[in-house]
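Coordinates as given in target-v3.txt (compact mmCIF, N, CA and C atoms and all ligand atoms):
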```
# COMPACT_ATOMS: atom_id res chain seq x y z
N MET A 1 -36.84 -24.30 0.45
CA MET A 1 -36.70 -23.58 1.73
C MET A 1 -35.30 -22.98 1.85
N ASP A 2 -35.26 -21.71 1.99
CA ASP A 2 -33.98 -21.06 2.18
C ASP A 2 -34.00 -20.38 3.53
N ARG A 3 -33.70 -21.15 4.53
CA ARG A 3 -33.81 -20.65 5.90
C ARG A 3 -32.41 -20.45 6.47
N PRO A 4 -31.92 -19.21 6.51
CA PRO A 4 -30.56 -18.98 7.01
C PRO A 4 -30.49 -19.24 8.52
N SER A 5 -29.79 -20.27 8.88
CA SER A 5 -29.67 -20.59 10.30
C SER A 5 -28.40 -19.97 10.88
N ARG A 6 -27.39 -19.82 10.03
CA ARG A 6 -26.13 -19.23 10.49
C ARG A 6 -25.73 -18.11 9.55
N GLU A 7 -24.99 -17.18 10.07
CA GLU A 7 -24.50 -16.12 9.23
C GLU A 7 -23.35 -16.64 8.37
N THR A 8 -23.25 -16.09 7.16
CA THR A 8 -22.16 -16.47 6.27
C THR A 8 -20.82 -16.09 6.90
N VAL A 9 -19.89 -17.03 6.86
CA VAL A 9 -18.55 -16.75 7.38
C VAL A 9 -17.67 -16.30 6.22
N LEU A 10 -16.88 -15.28 6.49
CA LEU A 10 -16.10 -14.65 5.42
C LEU A 10 -14.84 -15.43 5.07
N ALA A 11 -14.22 -15.01 3.97
CA ALA A 11 -13.00 -15.66 3.49
C ALA A 11 -11.86 -15.51 4.50
N ALA A 12 -10.86 -16.40 4.36
CA ALA A 12 -9.77 -16.46 5.34
C ALA A 12 -9.02 -15.14 5.46
N SER A 13 -8.79 -14.46 4.33
CA SER A 13 -8.04 -13.21 4.40
C SER A 13 -8.83 -12.14 5.13
N ALA A 14 -10.17 -12.22 5.09
CA ALA A 14 -10.98 -11.29 5.87
C ALA A 14 -10.88 -11.63 7.35
N GLN A 15 -10.90 -12.90 7.66
CA GLN A 15 -10.80 -13.31 9.05
C GLN A 15 -9.46 -12.92 9.66
N ALA A 16 -8.42 -12.90 8.81
CA ALA A 16 -7.11 -12.48 9.28
C ALA A 16 -7.13 -11.03 9.72
N MET A 17 -8.07 -10.25 9.19
CA MET A 17 -8.23 -8.85 9.58
C MET A 17 -9.21 -8.71 10.74
N GLY A 18 -9.67 -9.82 11.27
CA GLY A 18 -10.58 -9.75 12.40
C GLY A 18 -12.04 -9.66 12.00
N LEU A 19 -12.33 -9.90 10.71
CA LEU A 19 -13.70 -9.85 10.22
C LEU A 19 -14.20 -11.27 9.99
N THR A 20 -15.14 -11.69 10.81
CA THR A 20 -15.60 -13.07 10.74
C THR A 20 -16.90 -13.20 9.95
N THR A 21 -17.81 -12.27 10.16
CA THR A 21 -19.13 -12.37 9.54
C THR A 21 -19.42 -11.13 8.70
N VAL A 22 -20.50 -11.21 7.94
CA VAL A 22 -20.94 -10.07 7.13
C VAL A 22 -21.22 -8.87 8.02
N THR A 23 -21.75 -9.12 9.20
CA THR A 23 -22.02 -8.03 10.13
C THR A 23 -20.74 -7.30 10.51
N ASP A 24 -19.67 -8.07 10.75
CA ASP A 24 -18.36 -7.47 11.05
C ASP A 24 -17.89 -6.59 9.90
N ALA A 25 -18.04 -7.11 8.67
CA ALA A 25 -17.58 -6.38 7.49
C ALA A 25 -18.37 -5.09 7.32
N LYS A 26 -19.68 -5.15 7.57
CA LYS A 26 -20.50 -3.95 7.41
C LYS A 26 -20.14 -2.90 8.45
N ALA A 27 -19.82 -3.35 9.65
CA ALA A 27 -19.40 -2.41 10.70
C ALA A 27 -18.09 -1.75 10.32
N ALA A 28 -17.16 -2.53 9.76
CA ALA A 28 -15.87 -1.99 9.32
C ALA A 28 -16.08 -0.99 8.19
N LEU A 29 -17.00 -1.30 7.31
CA LEU A 29 -17.29 -0.41 6.19
C LEU A 29 -17.82 0.93 6.70
N LEU A 30 -18.67 0.90 7.70
CA LEU A 30 -19.20 2.13 8.26
C LEU A 30 -18.09 2.97 8.88
N ARG A 31 -17.14 2.31 9.54
CA ARG A 31 -16.01 3.04 10.14
C ARG A 31 -15.18 3.73 9.08
N GLN A 32 -15.11 3.11 7.87
CA GLN A 32 -14.28 3.66 6.80
C GLN A 32 -15.01 4.67 5.94
N ALA A 33 -16.32 4.79 6.13
CA ALA A 33 -17.16 5.51 5.16
C ALA A 33 -16.62 6.88 4.79
N ALA A 34 -16.15 7.64 5.77
CA ALA A 34 -15.73 9.01 5.51
C ALA A 34 -14.57 9.08 4.52
N ALA A 35 -13.64 8.16 4.60
CA ALA A 35 -12.44 8.21 3.77
C ALA A 35 -12.42 7.10 2.72
N TRP A 36 -13.56 6.48 2.50
CA TRP A 36 -13.62 5.29 1.65
C TRP A 36 -13.10 5.56 0.24
N TRP A 37 -13.48 6.70 -0.33
CA TRP A 37 -13.15 6.97 -1.73
C TRP A 37 -11.67 7.22 -1.96
N GLN A 38 -10.91 7.50 -0.92
CA GLN A 38 -9.50 7.79 -1.10
C GLN A 38 -8.62 6.54 -1.19
N GLY A 39 -9.24 5.39 -1.20
CA GLY A 39 -8.47 4.15 -1.17
C GLY A 39 -7.81 3.82 -2.50
N SER A 40 -6.80 2.94 -2.44
CA SER A 40 -6.16 2.46 -3.65
C SER A 40 -6.26 0.94 -3.75
N LEU A 41 -6.79 0.32 -2.71
CA LEU A 41 -6.97 -1.13 -2.73
C LEU A 41 -8.24 -1.45 -1.95
N TYR A 42 -9.13 -2.19 -2.60
CA TYR A 42 -10.40 -2.57 -1.99
C TYR A 42 -10.55 -4.07 -2.04
N TYR A 43 -11.40 -4.59 -1.17
CA TYR A 43 -11.54 -6.04 -1.08
C TYR A 43 -12.97 -6.40 -0.69
N CYS A 44 -13.54 -7.36 -1.42
CA CYS A 44 -14.86 -7.87 -1.06
C CYS A 44 -14.68 -9.18 -0.32
N PRO A 45 -14.99 -9.21 0.98
CA PRO A 45 -14.79 -10.42 1.76
C PRO A 45 -15.81 -11.51 1.43
N LEU A 46 -16.86 -11.19 0.73
CA LEU A 46 -17.83 -12.21 0.33
C LEU A 46 -17.36 -12.96 -0.91
N CYS A 47 -16.75 -12.24 -1.84
CA CYS A 47 -16.29 -12.84 -3.10
C CYS A 47 -14.81 -13.19 -3.05
N ASP A 48 -14.10 -12.75 -2.01
CA ASP A 48 -12.66 -12.92 -1.91
C ASP A 48 -11.99 -12.32 -3.15
N GLU A 49 -12.38 -11.08 -3.45
CA GLU A 49 -11.94 -10.42 -4.67
C GLU A 49 -11.40 -9.03 -4.36
N GLU A 50 -10.30 -8.64 -5.03
CA GLU A 50 -9.71 -7.33 -4.80
C GLU A 50 -10.05 -6.38 -5.94
N PHE A 51 -10.06 -5.09 -5.61
CA PHE A 51 -10.31 -4.05 -6.60
C PHE A 51 -9.24 -2.98 -6.44
N ARG A 52 -8.71 -2.52 -7.58
CA ARG A 52 -7.63 -1.53 -7.54
C ARG A 52 -8.14 -0.12 -7.69
N GLU A 53 -9.40 0.03 -8.04
CA GLU A 53 -9.95 1.36 -8.25
C GLU A 53 -11.24 1.52 -7.47
N ALA A 54 -11.42 2.72 -6.93
CA ALA A 54 -12.62 3.01 -6.15
C ALA A 54 -13.87 2.84 -7.01
N ASP A 55 -13.77 3.19 -8.28
CA ASP A 55 -14.91 3.06 -9.18
C ASP A 55 -15.40 1.63 -9.27
N ALA A 56 -14.48 0.70 -9.50
CA ALA A 56 -14.85 -0.70 -9.62
C ALA A 56 -15.38 -1.23 -8.29
N ALA A 57 -14.74 -0.80 -7.22
CA ALA A 57 -15.18 -1.23 -5.90
C ALA A 57 -16.58 -0.72 -5.60
N ALA A 58 -16.84 0.53 -5.98
CA ALA A 58 -18.15 1.12 -5.72
C ALA A 58 -19.23 0.42 -6.55
N ARG A 59 -18.90 0.09 -7.79
CA ARG A 59 -19.88 -0.62 -8.63
C ARG A 59 -20.25 -1.95 -8.00
N HIS A 60 -19.26 -2.65 -7.46
CA HIS A 60 -19.49 -3.94 -6.81
C HIS A 60 -20.32 -3.75 -5.55
N LEU A 61 -19.97 -2.75 -4.76
CA LEU A 61 -20.66 -2.48 -3.51
C LEU A 61 -22.13 -2.15 -3.76
N ILE A 62 -22.38 -1.28 -4.74
CA ILE A 62 -23.74 -0.82 -4.99
C ILE A 62 -24.53 -1.88 -5.77
N GLY A 63 -23.87 -2.47 -6.79
CA GLY A 63 -24.56 -3.44 -7.63
C GLY A 63 -24.93 -4.71 -6.91
N LEU A 64 -24.00 -5.24 -6.14
CA LEU A 64 -24.24 -6.51 -5.46
C LEU A 64 -24.58 -6.34 -3.98
N LYS A 65 -24.48 -5.10 -3.50
CA LYS A 65 -24.72 -4.82 -2.08
C LYS A 65 -23.81 -5.65 -1.18
N HIS A 66 -22.55 -5.74 -1.61
CA HIS A 66 -21.54 -6.42 -0.79
C HIS A 66 -20.74 -5.36 -0.02
N PRO A 67 -20.31 -5.71 1.18
CA PRO A 67 -19.52 -4.75 1.97
C PRO A 67 -18.07 -4.70 1.51
N VAL A 68 -17.83 -4.02 0.38
CA VAL A 68 -16.47 -3.90 -0.16
C VAL A 68 -15.68 -2.93 0.73
N LEU A 69 -14.58 -3.43 1.27
CA LEU A 69 -13.82 -2.64 2.23
C LEU A 69 -12.60 -2.00 1.59
N ARG A 70 -12.24 -0.85 2.11
CA ARG A 70 -10.98 -0.23 1.74
C ARG A 70 -9.91 -1.02 2.48
N TRP A 71 -9.15 -1.78 1.71
CA TRP A 71 -8.39 -2.85 2.34
C TRP A 71 -7.14 -2.38 3.06
N GLU A 72 -6.49 -1.35 2.55
CA GLU A 72 -5.31 -0.86 3.27
C GLU A 72 -5.73 -0.21 4.59
N ALA A 73 -7.04 0.06 4.72
CA ALA A 73 -7.53 0.68 5.95
C ALA A 73 -8.10 -0.36 6.92
N ALA A 74 -8.22 -1.59 6.46
CA ALA A 74 -8.89 -2.60 7.28
C ALA A 74 -8.12 -2.91 8.56
N SER A 75 -6.80 -2.69 8.51
CA SER A 75 -6.00 -3.00 9.69
C SER A 75 -5.77 -1.77 10.56
N TRP A 76 -6.37 -0.65 10.14
CA TRP A 76 -6.26 0.54 10.99
C TRP A 76 -6.88 0.28 12.34
N PRO A 77 -6.27 0.80 13.38
CA PRO A 77 -6.90 0.69 14.69
C PRO A 77 -8.15 1.54 14.75
N ASP A 78 -9.09 1.15 15.58
CA ASP A 78 -10.30 1.95 15.73
C ASP A 78 -9.92 3.34 16.20
N ILE A 79 -10.48 4.34 15.54
CA ILE A 79 -10.12 5.71 15.88
C ILE A 79 -10.84 6.16 17.17
N GLU A 80 -12.13 5.82 17.22
CA GLU A 80 -12.88 6.25 18.39
C GLU A 80 -12.52 5.39 19.59
N ALA A 81 -12.24 6.03 20.69
CA ALA A 81 -11.96 5.30 21.92
C ALA A 81 -13.27 4.83 22.56
N GLU A 82 -13.26 3.58 22.97
CA GLU A 82 -14.49 3.05 23.56
C GLU A 82 -14.41 3.09 25.07
N GLY A 83 -15.57 3.31 25.65
CA GLY A 83 -15.67 3.24 27.11
C GLY A 83 -15.50 4.52 27.81
ZN ZN A 101 -18.61 -9.34 -3.52
```
Just give me the structure as C-alpha cells.
Amino acid sequence: MDRPSRETVLAASAQAMGLTTVTDAKAALLRQAAAWWQGSLYYCPLCDEEFREADAAARHLIGLKHPVLRWEAASWPDIEAEG
C-alpha cells in the first residue's frame, strides 16, 4: 500500500527559500518559466542537488519530472503584485 497521507517536505535549503512542499516548488517553477533557460545555477529541492548548466537541469526536470528551480532566481521577489 502506497497511500500518500502527507506531501513530501523539501530539503532544508529549499525551505530557507520559502519552499516547503513540492506544490510550492512547482509554483515557483511556473513563476520562473519565462526566464528559466537563462540561469547559471539550478537546484532540485527533491534531490537536494545543484546543476550548473541549463541542459543538465532540463534533463533532470524532464527525465525525473522534478521541479528543478533556477536557483539564483528563487529569492527574487514576486513580480506580479497581488490583490
Ligand atoms: Zn530531483
Show which residues sit within 7 Å of Ser40 in chain A, as a PyMOL selection string. Count all atoms listed in the file, and ignore same-chain residues fewer than 6 positions away. chain A and resi 51-54+70-72
Neighbours of ligand ZN 101 (chain A) within 6.5 Å, counting all atoms listed in the file, as a VMD selection string? chain A and resid 44 to 49 60 66 to 67
Hey, can you pull every residue with an atom no more than 12 Å from (-5.3, 7.0, 1.7), using only C-alpha atoms, and send it as a PyMOL selection string? chain A and resi 32+34-42+54+70-74+76
How would you write, as a PyMOL selection string, the set of residues in range 17-77 of chain A that DSSP gives as alpha helix (DSSP H)? chain A and resi 22-32+54-64
Extending 4 Å beyond the listed atoms of range 10-25 of chain A on each side, what axis-aligned box results? I want centre and edge lengths in Å to one decimal, as JSON.
```
{"center_x": -14.6, "center_y": -10.8, "center_z": 7.9, "size_x": 22.9, "size_y": 19.4, "size_z": 16.9}
```
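Going from CA of Ala27 in chain A over to CA of Leu10 in chain A, you cover 13.7 Å.
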Sel. of strand (DSSP E or B) residues, chain A, as a ChimeraX atom specification: /A:9,21,42-44,49-51,69-70
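Atom pair CA of Arg31 in chain A / atom N of Arg6 in chain A has a distance of 25.5 Å (rounded to one decimal).
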Suppose you want the space between atom N of Ala56 in chain A and CA of Glu7 in chain A; what is it in Å? 27.1 Å
